[in-house]
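Structure below is upload.txt: compact mmCIF, C-alpha atoms and all ligand atoms.
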```txt
# COMPACT_ATOMS: atom_id res chain seq x y z
CA MET A 191 109.32 -14.93 153.91
CA SER A 192 113.06 -14.77 153.37
CA GLU A 193 113.97 -17.88 151.36
CA LYS A 194 116.53 -17.27 148.65
CA GLY A 195 117.50 -19.10 145.47
CA SER A 196 115.35 -21.45 143.43
CA PHE A 197 113.13 -22.51 146.35
CA GLY A 198 112.47 -18.94 147.45
CA PHE A 199 111.75 -17.91 143.88
CA ASP A 200 109.10 -20.63 143.52
CA GLU A 201 107.59 -19.77 146.87
CA PHE A 202 107.47 -16.02 146.09
CA TYR A 203 105.83 -16.39 142.68
CA SER A 204 103.44 -19.17 143.71
CA GLN A 205 102.17 -16.85 146.46
CA MET A 206 101.74 -14.11 143.85
CA PHE A 207 100.12 -16.20 141.11
CA GLY A 208 98.51 -19.03 143.11
CA GLU A 209 97.31 -21.99 141.04
CA ARG A 210 98.49 -20.30 137.87
CA TRP A 211 102.18 -20.45 138.82
CA PRO A 212 103.08 -24.01 137.64
CA ARG A 213 101.62 -23.34 134.16
CA LEU A 214 103.23 -19.94 134.05
CA LYS A 215 106.61 -21.35 135.06
CA GLU A 216 106.41 -24.05 132.40
CA ALA A 217 105.54 -21.45 129.76
CA LEU A 218 108.44 -19.25 130.90
CA LEU A 219 110.83 -22.14 130.32
CA SER A 220 109.45 -22.89 126.82
CA PRO A 221 111.04 -21.41 123.68
CA LYS A 222 109.93 -17.86 122.83
CA LYS A 223 107.85 -17.00 119.78
CA HIS A 224 109.19 -14.06 117.81
CA VAL A 225 107.80 -11.30 115.72
CA ALA A 226 109.84 -10.02 112.78
CA VAL A 227 109.14 -6.32 112.28
CA LEU A 228 109.92 -5.37 108.71
CA ASN A 229 112.47 -2.62 108.23
CA PRO A 230 110.98 -0.42 105.48
CA HIS A 231 114.43 1.17 104.89
CA SER A 232 115.73 -2.25 103.77
CA LYS A 233 113.09 -2.58 100.99
CA PHE A 234 112.74 -6.26 102.05
CA LYS A 235 109.54 -8.20 101.36
CA PHE A 236 108.43 -11.36 103.19
CA LEU A 237 108.50 -14.32 100.77
CA GLU A 238 105.33 -16.01 102.01
CA PRO A 239 102.33 -13.98 103.13
CA PRO A 240 103.23 -12.92 106.69
CA VAL A 241 101.07 -13.78 109.72
CA HIS A 242 99.66 -10.56 111.14
CA MET A 243 98.61 -9.94 114.71
CA THR A 244 95.52 -7.81 115.20
CA GLY A 245 96.26 -4.35 116.52
CA ILE A 246 99.90 -4.22 115.41
CA SER A 247 100.43 -1.36 113.00
CA PHE A 248 103.97 -2.32 111.94
CA GLU A 249 104.42 -4.60 108.91
CA HIS A 250 105.39 -7.88 110.60
CA ASP A 251 105.36 -11.68 110.64
CA VAL A 252 105.01 -14.10 113.60
CA LYS A 253 106.76 -17.49 113.80
CA GLU A 254 108.41 -19.90 116.21
CA ASP A 255 111.73 -19.19 114.57
CA PHE A 256 113.22 -16.81 112.02
CA PRO A 257 116.65 -16.78 110.38
CA HIS A 258 118.97 -14.05 111.66
CA PRO A 259 118.25 -10.66 110.09
CA GLU A 260 120.19 -10.06 106.87
CA ARG A 261 121.47 -6.97 105.10
CA THR A 262 119.65 -6.25 101.86
CA GLU A 263 120.98 -4.49 98.75
CA ALA A 264 119.66 -1.25 100.22
CA GLY A 265 122.35 -1.69 102.91
CA TYR A 266 120.11 -2.22 105.98
CA LEU A 267 118.97 -5.26 107.97
CA ASN A 268 115.68 -6.67 106.73
CA TYR A 269 113.76 -7.09 110.00
CA TYR A 270 114.04 -6.66 113.75
CA LEU A 271 113.21 -9.67 115.93
CA MET A 272 111.38 -9.11 119.18
CA ASP A 273 108.77 -10.50 121.54
CA ALA A 274 105.33 -9.58 120.18
CA ALA A 275 104.41 -7.98 123.51
CA SER A 276 107.32 -5.53 123.12
CA LEU A 277 105.42 -3.89 120.28
CA LEU A 278 102.56 -2.92 122.57
CA PRO A 279 104.22 -0.03 124.45
CA VAL A 280 105.04 1.66 121.14
CA GLU A 281 101.45 1.09 119.94
CA ALA A 282 100.29 2.54 123.26
CA LEU A 283 102.39 5.69 122.76
CA ASP A 284 100.24 6.45 119.70
CA LEU A 285 102.99 8.51 118.06
CA THR A 286 102.50 10.97 115.24
CA PRO A 287 105.28 12.57 113.17
CA GLY A 288 106.49 15.83 114.69
CA GLU A 289 106.12 14.84 118.35
CA LYS A 290 108.93 15.17 120.88
CA VAL A 291 109.62 11.77 122.38
CA VAL A 292 112.10 10.40 124.90
CA ASP A 293 112.85 6.72 125.39
CA LEU A 294 114.37 6.88 128.88
CA CYS A 295 115.81 3.34 129.04
CA ALA A 296 116.39 2.63 125.39
CA ALA A 297 119.13 0.01 124.97
CA PRO A 298 119.52 -2.16 123.00
CA GLY A 299 117.13 0.02 121.00
CA GLY A 300 114.31 -2.11 119.56
CA LYS A 301 111.53 0.14 120.79
CA SER A 302 113.45 3.28 119.80
CA PHE A 303 113.75 1.86 116.28
CA LEU A 304 109.96 1.38 116.23
CA CYS A 305 109.46 4.94 117.52
CA SER A 306 111.67 6.23 114.70
CA LEU A 307 109.46 4.47 112.14
CA LYS A 308 106.40 6.23 113.57
CA LEU A 309 108.05 9.67 113.78
CA LYS A 310 109.28 9.52 110.16
CA ASN A 311 112.30 11.74 110.86
CA GLN A 312 110.09 14.58 112.14
CA GLY A 313 109.97 16.01 115.66
CA LEU A 314 112.51 14.61 118.11
CA LEU A 315 113.47 11.17 119.40
CA VAL A 316 115.87 11.05 122.34
CA SER A 317 117.14 7.51 122.97
CA ASN A 318 118.69 7.42 126.39
CA ASP A 319 120.55 4.77 128.34
CA ARG A 320 122.90 5.13 131.30
CA SER A 321 125.10 2.18 130.33
CA ALA A 322 127.90 2.96 127.86
CA ALA A 323 128.14 -0.65 126.68
CA ARG A 324 124.42 -0.77 126.03
CA ARG A 325 124.43 2.63 124.32
CA ALA A 326 126.95 1.17 121.88
CA ARG A 327 124.23 -1.35 120.96
CA ILE A 328 121.76 1.49 120.26
CA HIS A 329 124.34 3.07 117.91
CA ARG A 330 124.82 -0.28 116.15
CA ILE A 331 121.10 -0.91 115.75
CA PHE A 332 120.50 2.56 114.35
CA GLU A 333 123.41 2.08 111.94
CA ASP A 334 122.08 -1.33 110.87
CA TYR A 335 118.46 -0.28 110.47
CA ILE A 336 118.12 3.45 109.78
CA PRO A 337 119.76 5.50 107.00
CA LYS A 338 121.82 8.45 108.31
CA THR A 339 119.54 10.84 106.39
CA GLU A 340 116.58 9.47 108.40
CA GLN A 341 118.34 9.99 111.74
CA LYS A 342 118.31 13.79 111.77
CA ASN A 343 115.68 13.90 114.51
CA ILE A 344 117.38 11.29 116.73
CA SER A 345 119.86 11.81 119.53
CA ILE A 346 121.42 9.26 121.86
CA THR A 347 122.01 10.43 125.43
CA ALA A 348 123.53 9.02 128.62
CA HIS A 349 121.52 10.40 131.52
CA ASP A 350 120.34 8.74 134.70
CA ALA A 351 116.57 8.44 134.15
CA THR A 352 115.87 8.75 137.88
CA LYS A 353 117.38 12.26 137.88
CA TRP A 354 116.29 13.55 134.47
CA SER A 355 113.72 15.96 135.88
CA LEU A 356 116.54 17.88 137.62
CA TYR A 357 117.62 19.10 134.16
CA GLN A 358 114.46 19.22 132.04
CA LYS A 359 110.81 19.81 132.88
CA SER A 360 107.59 19.68 130.80
CA ILE A 361 109.45 19.10 127.51
CA TYR A 362 108.16 15.93 125.84
CA ASP A 363 104.84 14.99 124.24
CA LYS A 364 105.46 11.32 124.93
CA VAL A 365 107.76 9.42 127.28
CA LEU A 366 108.56 5.73 127.01
CA LEU A 367 109.79 4.26 130.28
CA ASP A 368 110.67 0.63 129.51
CA ALA A 369 112.24 0.19 132.91
CA PRO A 370 115.03 -2.15 134.04
CA CYS A 371 113.27 -4.98 135.88
CA SER A 372 113.53 -8.41 137.49
CA SER A 373 113.16 -10.11 134.11
CA GLU A 374 112.21 -13.41 135.71
CA ARG A 375 112.27 -15.28 132.41
CA HIS A 376 116.03 -14.68 132.23
CA VAL A 377 116.48 -15.55 135.91
CA LEU A 378 114.76 -18.91 135.38
CA GLU A 379 116.91 -19.67 132.33
CA ASP A 380 120.15 -19.03 134.21
CA SER A 381 120.88 -21.39 137.13
CA LYS A 382 123.50 -19.05 138.61
CA GLU A 383 121.10 -16.09 138.55
CA LEU A 384 118.40 -18.27 140.06
CA SER A 385 120.66 -19.40 142.90
CA LEU A 386 121.38 -15.73 143.69
CA TRP A 387 117.72 -14.65 143.59
CA ALA A 388 116.30 -13.09 146.77
CA PRO A 389 112.91 -11.47 147.45
CA GLY A 390 114.63 -8.16 148.25
CA ARG A 391 115.67 -7.86 144.62
CA THR A 392 112.24 -7.01 143.21
CA LYS A 393 111.64 -4.59 146.11
CA ASN A 394 114.91 -2.75 145.39
CA ILE A 395 114.26 -2.59 141.65
CA ALA A 396 110.78 -1.20 142.36
CA VAL A 397 112.33 1.74 144.23
CA THR A 398 114.37 2.70 141.14
CA GLN A 399 111.40 2.16 138.84
CA PHE A 400 109.24 4.50 140.90
CA ALA A 401 111.98 7.16 140.90
CA MET A 402 112.10 6.90 137.10
CA LEU A 403 108.32 7.19 136.77
CA ALA A 404 108.19 10.20 139.10
CA SER A 405 110.90 11.82 136.98
CA ALA A 406 108.99 10.97 133.79
CA LEU A 407 105.91 12.73 135.16
CA ASP A 408 107.92 15.94 135.48
CA ILE A 409 109.52 15.85 132.05
CA VAL A 410 106.38 15.06 130.04
CA LYS A 411 104.30 18.09 129.02
CA ASN A 412 100.98 18.70 130.68
CA GLY A 413 98.52 16.66 128.57
CA GLY A 414 101.28 14.36 127.35
CA THR A 415 101.53 10.63 128.01
CA ILE A 416 104.00 8.22 129.58
CA VAL A 417 103.99 4.54 128.80
CA TYR A 418 105.49 2.62 131.73
CA SER A 419 106.49 -0.93 130.85
CA THR A 420 108.48 -3.88 132.18
CA CYS A 421 109.13 -7.50 131.29
CA ALA A 422 108.70 -8.38 135.00
CA LEU A 423 106.20 -10.80 136.48
CA SER A 424 106.42 -9.29 139.93
CA ARG A 425 103.42 -7.09 140.71
CA LEU A 426 105.69 -4.94 142.87
CA GLU A 427 107.26 -3.69 139.63
CA ASN A 428 104.00 -3.38 137.71
CA ASP A 429 100.63 -2.35 139.18
CA GLU A 430 102.22 -1.53 142.55
CA ILE A 431 104.35 1.18 140.90
CA ILE A 432 101.18 2.82 139.57
CA ARG A 433 99.50 2.45 142.98
CA LYS A 434 102.45 4.29 144.51
CA LEU A 435 102.09 7.03 141.88
CA TYR A 436 98.46 7.47 143.05
CA GLN A 437 99.72 7.75 146.61
CA LYS A 438 102.60 10.13 145.94
CA ARG A 439 101.45 12.18 142.92
CA ALA A 440 97.67 12.29 143.40
CA GLY A 441 95.88 14.75 141.10
CA ARG A 442 98.77 15.10 138.68
CA PHE A 443 97.83 12.29 136.29
CA GLU A 444 95.07 10.04 135.07
CA LEU A 445 95.32 6.54 133.69
CA ILE A 446 94.40 5.79 130.10
CA ARG A 447 92.87 2.32 129.87
CA ARG A 448 93.34 0.50 126.59
CA GLU A 449 92.73 -3.06 125.47
CA PHE A 450 95.00 -4.97 123.13
CA SER A 451 94.27 -8.04 121.01
CA PHE A 452 96.34 -10.33 123.25
CA GLY A 453 96.95 -10.32 126.99
CA GLU A 454 94.73 -9.37 129.90
CA PRO A 455 93.79 -6.29 131.91
CA THR A 456 95.32 -5.74 135.34
CA GLU A 457 94.11 -3.31 138.01
CA PHE A 458 95.90 -0.36 136.38
CA GLY A 459 97.34 -1.60 133.10
CA TRP A 460 97.71 -4.48 130.70
CA GLN A 461 99.73 -7.67 130.97
CA VAL A 462 100.82 -10.31 128.47
CA LEU A 463 101.70 -13.63 130.10
CA PRO A 464 103.15 -16.61 128.22
CA ASP A 465 100.85 -19.32 129.64
CA THR A 466 97.84 -17.86 127.82
CA THR A 467 99.44 -16.03 124.87
CA GLY A 468 102.84 -17.60 124.15
CA HIS A 469 104.31 -14.07 124.44
CA GLY A 470 105.74 -11.98 127.24
CA PRO A 471 105.87 -11.61 130.17
CA PHE A 472 105.19 -7.94 129.63
CA TYR A 473 103.33 -5.23 131.52
CA LEU A 474 102.36 -1.72 130.54
CA ALA A 475 100.38 1.17 131.97
CA ILE A 476 99.51 4.44 130.23
CA VAL A 477 99.77 7.57 132.37
CA LYS A 478 98.53 10.95 131.16
CA ARG A 479 99.84 14.04 132.94
CA ILE A 480 97.03 16.46 133.81
CA ARG A 481 98.85 18.93 136.05
C1 LIG A 501 114.53 -3.26 129.83
S1 LIG A 501 116.00 -2.54 129.25
C2 LIG A 501 115.40 -1.53 127.95
C3 LIG A 501 115.08 -2.27 126.66
C4 LIG A 501 114.83 -1.33 125.50
N1 LIG A 501 113.73 -0.39 125.80
C5 LIG A 501 114.52 -2.00 124.19
O1 LIG A 501 113.36 -2.12 123.80
O2 LIG A 501 115.47 -2.44 123.51
C6 LIG A 501 116.38 -1.39 130.50
C7 LIG A 501 117.55 -0.48 130.21
O3 LIG A 501 117.60 0.50 131.26
C8 LIG A 501 118.95 0.93 131.39
N2 LIG A 501 119.06 1.64 132.70
C9 LIG A 501 119.16 1.08 133.94
N3 LIG A 501 119.19 2.04 134.88
C10 LIG A 501 119.10 3.23 134.22
C11 LIG A 501 119.07 4.59 134.64
N4 LIG A 501 119.12 4.92 135.95
N5 LIG A 501 118.96 5.56 133.71
C12 LIG A 501 118.89 5.24 132.39
N6 LIG A 501 118.93 3.97 131.92
C13 LIG A 501 119.02 2.97 132.83
C14 LIG A 501 119.74 -0.36 131.28
O4 LIG A 501 121.08 -0.08 130.89
C15 LIG A 501 118.94 -1.12 130.22
O5 LIG A 501 119.54 -0.97 128.96
```
As a first step, turn the structure in this file into structure tokens.
Amino acid sequence: MSEKGSFGFDEFYSQMFGERWPRLKEALLSPKKHVAVLNPHSKFKFLEPPVHMTGISFEHDVKEDFPHPERTEAGYLNYYLMDAASLLPVEALDLTPGEKVVDLCAAPGGKSFLCSLKLKNQGLLVSNDRSAARRARIHRIFEDYIPKTEQKNISITAHDATKWSLYQKSIYDKVLLDAPCSSERHVLEDSKELSLWAPGRTKNIAVTQFAMLASALDIVKNGGTIVYSTCALSRLENDEIIRKLYQKRAGRFELIRREFSFGEPTEFGWQVLPDTTGHGPFYLAIVKRIR
């Protein structure tokens, strides 16, 4: 199969998702529901009782639409807007204050902000991104959301995640690898992107994603965990990355299986798809290093 553009895209994903694809495509084109995660540093309080999602440990509200975040008298933005599924990888990391954590692909910084709330300025949070423009967004988000005095344990770095293990080994208790991905929702929303789509794209991205995961396995401590996540639909970037880890790094890790209150299990991880949940797409797998 070598069709490109919109037709090829449909063909590729209908082969992958079968009868589910038309519903999934329709849901991908529908407006996104957001979660507003309260910023405790802003001292903001939701006016009406917020809607809580089971299994989310951050103070939050869920709605179709929220006003833009606003600065409170405390000087910080009141909440951070994100897809509900984006909270799951941080829940899956199960952070406790004092741990050493690296967010390998951190920009714009939403998940790093959540990690900082869990670490409570203790231990270490390294927020990394290779792109200078996107690192500027991490700086801005930290400035807007976290007091300087609460940033003493945070550093922002600029490494290539695929090569990180050349410099550091067995350092971190937890690694978040929220990898760059096909992000099909954005492709579908952008006719130019869609016209340029080709099946080779997801295969190429998967090569980089695996290199990042292999690197993550070297930099996490023995006994530590990696959460691998993407907002991709393509299985090549999700379960197939974990299958490749079994093939190439057998005996060095085990999977931790966990259920969440929304979404569905996959062969190796957990997936949130918008046709059934109104959130996502999002995939995560939890890898524990054992050697
Ligand atoms: C899916 S986004 C991360 C979103 C982020 N975790 C958040 O929650 O806001 C992927 C990021 O990976 C970065 N990236 C791409 N290739 C990289 C590499 N080789 N090393 C480090 N970062 C990379 C991109 O610049 C992009 O910001």
With all atoms listed in the file as the counted atoms, please give the residues lying no more than 7 Å from Asp429 in chain A, apart from itself and same-chain residues fewer than 2 positions off, as a list in words. Arg425, Leu426, Glu427, Ile431, Ile432, Arg433, Glu457, Phe458 and Gly459 of chain A
Please identify all protein, DNA and RNA residues within 6 Å of ligand LIG 501 (chain A), counting all atoms listed in the file, and report them as JSON, numbers by chain. {"A": [294, 295, 296, 297, 298, 299, 300, 301, 319, 320, 321, 324, 349, 350, 351, 352, 368, 369, 370]}
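Minimum distance to Lys253 in chain A across A:His469, A:Lys364, A:Lys359, A:His231 (counting only C-alpha atoms) occurs at A:His469.
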Need the neighbours of (107.6, -18.8, 128.7): which residues are at most 9 Å away, counting all atoms listed in the file, as a PDB file with C-alpha atoms, in the frame of the given file?
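The resulting point-v2.pdb:
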```pdb
ATOM      1  CA  LEU A 214     103.230 -19.940 134.050  1.00  0.00           C
ATOM      2  CA  LYS A 215     106.610 -21.350 135.060  1.00  0.00           C
ATOM      3  CA  GLU A 216     106.410 -24.050 132.400  1.00  0.00           C
ATOM      4  CA  ALA A 217     105.540 -21.450 129.760  1.00  0.00           C
ATOM      5  CA  LEU A 218     108.440 -19.250 130.900  1.00  0.00           C
ATOM      6  CA  LEU A 219     110.830 -22.140 130.320  1.00  0.00           C
ATOM      7  CA  SER A 220     109.450 -22.890 126.820  1.00  0.00           C
ATOM      8  CA  PRO A 221     111.040 -21.410 123.680  1.00  0.00           C
ATOM      9  CA  LYS A 222     109.930 -17.860 122.830  1.00  0.00           C
ATOM     10  CA  ARG A 375     112.270 -15.280 132.410  1.00  0.00           C
ATOM     11  CA  LEU A 463     101.700 -13.630 130.100  1.00  0.00           C
ATOM     12  CA  PRO A 464     103.150 -16.610 128.220  1.00  0.00           C
ATOM     13  CA  ASP A 465     100.850 -19.320 129.640  1.00  0.00           C
ATOM     14  CA  GLY A 468     102.840 -17.600 124.150  1.00  0.00           C
ATOM     15  CA  HIS A 469     104.310 -14.070 124.440  1.00  0.00           C
ATOM     16  CA  GLY A 470     105.740 -11.980 127.240  1.00  0.00           C
ATOM     17  CA  PRO A 471     105.870 -11.610 130.170  1.00  0.00           C
TER      18      PRO A 471
END
```
Up to 12 Å from (100.7, 7.1, 121.8) in the file's coordinates: name the residues, counting all atoms listed in the file, as an MDAnalysis selection string. chainID A and resid 278:287 289:291 305 308:309 363:366 413:418 446 448 475:478
Do you know which residues are at most 9 Å from Ser232 in chain A counting only C-alpha atoms, after dropping those on the same chain fewer than 4 positions away, and could you put them as a VMD selection string? chain A and resid 228 261 to 269 335 to 336
If I take CA of Phe452 in chain A and CA of Asn428 in chain A, how far is one from the other in Å, to one decimal?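 Going from CA of Phe452 in chain A over to CA of Asn428 in chain A, I get 17.8 Å.
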Find, counting all atoms listed in the file, the residue in A:Glu430, A:Glu249, A:Glu449, A:Asp293 that gets nearest to Ile346 in chain A.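 Nearest candidate to Ile346 in chain A out of A:Glu430, A:Glu249, A:Glu449, A:Asp293: A:Asp293.
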For Lys438 in chain A, which of A:Trp460, A:Asn412, A:Phe400, A:Glu374 is the closest residue, counting only C-alpha atoms?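 Selected residue with least distance to Lys438 in chain A: A:Phe400.
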What box, with edges along x, y and z, holds each listed atom of range 462-474 of chain A when 6 Å is added on every side, and can you state its centre and edge lengths in Å to one decimal, as JSON?
```
{"center_x": 101.9, "center_y": -10.5, "center_z": 127.8, "size_x": 20.0, "size_y": 29.6, "size_z": 19.4}
```
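Between CA of Lys353 in chain A and CA of Val397 in chain A the interatomic distance comes to 13.3 Å.
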Return range 307-318 of chain A, completed with all heavy atoms, as a tab-separated table (two decimals), keeping the file's coordinate frame.
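Wrote selection.tsv, looks like this:
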```
chain	number	residue	atom	x	y	z
A	307	LEU	N	110.31	4.76	113.31
A	307	LEU	CA	109.46	4.47	112.14
A	307	LEU	C	108.17	5.29	112.21
A	307	LEU	O	107.67	5.77	111.20
A	307	LEU	CB	109.11	2.98	112.08
A	307	LEU	CG	110.28	2.00	111.83
A	307	LEU	CD1	109.77	0.57	111.79
A	307	LEU	CD2	111.01	2.34	110.53
A	308	LYS	N	107.65	5.46	113.41
A	308	LYS	CA	106.40	6.23	113.57
A	308	LYS	C	106.64	7.73	113.37
A	308	LYS	O	105.79	8.43	112.86
A	308	LYS	CB	105.82	6.01	114.97
A	308	LYS	CG	105.27	4.63	115.21
A	308	LYS	CD	103.94	4.46	114.51
A	308	LYS	CE	103.35	3.09	114.75
A	308	LYS	NZ	102.32	2.71	113.81
A	309	LEU	N	107.80	8.22	113.83
A	309	LEU	CA	108.05	9.67	113.78
A	309	LEU	C	108.47	10.13	112.39
A	309	LEU	O	108.39	11.33	112.08
A	309	LEU	CB	109.11	10.06	114.81
A	309	LEU	CG	108.65	9.97	116.26
A	309	LEU	CD1	109.81	10.28	117.21
A	309	LEU	CD2	107.49	10.93	116.54
A	310	LYS	N	108.91	9.21	111.55
A	310	LYS	CA	109.28	9.52	110.16
A	310	LYS	C	110.24	10.70	110.06
A	310	LYS	O	110.03	11.61	109.25
A	310	LYS	CB	108.03	9.79	109.32
A	310	LYS	CG	107.06	8.62	109.25
A	310	LYS	CD	105.96	8.90	108.25
A	310	LYS	CE	104.82	7.93	108.28
A	310	LYS	NZ	105.12	6.53	108.15
A	311	ASN	N	111.25	10.72	110.92
A	311	ASN	CA	112.30	11.74	110.86
A	311	ASN	C	111.78	13.16	111.13
A	311	ASN	O	112.39	14.14	110.70
A	311	ASN	CB	113.00	11.68	109.49
A	311	ASN	CG	114.43	12.15	109.57
A	311	ASN	OD1	114.99	12.30	110.66
A	311	ASN	ND2	115.03	12.42	108.43
A	312	GLN	N	110.63	13.25	111.78
A	312	GLN	CA	110.09	14.58	112.14
A	312	GLN	C	109.96	14.65	113.65
A	312	GLN	O	109.73	13.64	114.30
A	312	GLN	CB	108.73	14.80	111.49
A	312	GLN	CG	108.78	14.87	109.97
A	312	GLN	CD	107.39	14.75	109.39
A	312	GLN	OE1	106.46	15.42	109.81
A	312	GLN	NE2	107.23	13.85	108.43
A	313	GLY	N	110.03	15.86	114.21
A	313	GLY	CA	109.97	16.01	115.66
A	313	GLY	C	111.31	15.63	116.27
A	313	GLY	O	112.36	15.92	115.69
A	314	LEU	N	111.27	14.95	117.42
A	314	LEU	CA	112.51	14.61	118.11
A	314	LEU	C	112.38	13.25	118.79
A	314	LEU	O	111.35	12.96	119.40
A	314	LEU	CB	112.79	15.68	119.19
A	314	LEU	CG	113.98	15.43	120.12
A	314	LEU	CD1	115.30	15.53	119.34
A	314	LEU	CD2	113.98	16.43	121.28
A	315	LEU	N	113.41	12.43	118.65
A	315	LEU	CA	113.47	11.17	119.40
A	315	LEU	C	114.79	11.16	120.17
A	315	LEU	O	115.87	11.19	119.57
A	315	LEU	CB	113.42	9.95	118.45
A	315	LEU	CG	113.66	8.59	119.10
A	315	LEU	CD1	112.62	8.27	120.18
A	315	LEU	CD2	113.66	7.47	118.05
A	316	VAL	N	114.68	11.16	121.50
A	316	VAL	CA	115.87	11.05	122.34
A	316	VAL	C	115.92	9.62	122.86
A	316	VAL	O	114.99	9.18	123.56
A	316	VAL	CB	115.82	12.05	123.52
A	316	VAL	CG1	117.06	11.89	124.39
A	316	VAL	CG2	115.71	13.48	123.01
A	317	SER	N	116.97	8.89	122.50
A	317	SER	CA	117.14	7.51	122.97
A	317	SER	C	118.20	7.52	124.04
A	317	SER	O	119.38	7.75	123.74
A	317	SER	CB	117.57	6.60	121.82
A	317	SER	OG	116.54	6.54	120.88
A	318	ASN	N	117.78	7.27	125.25
A	318	ASN	CA	118.69	7.42	126.39
A	318	ASN	C	119.00	6.07	127.03
A	318	ASN	O	118.13	5.21	127.14
A	318	ASN	CB	118.01	8.32	127.44
A	318	ASN	CG	118.89	8.52	128.65
A	318	ASN	OD1	119.90	9.23	128.57
A	318	ASN	ND2	118.54	7.90	129.76
```
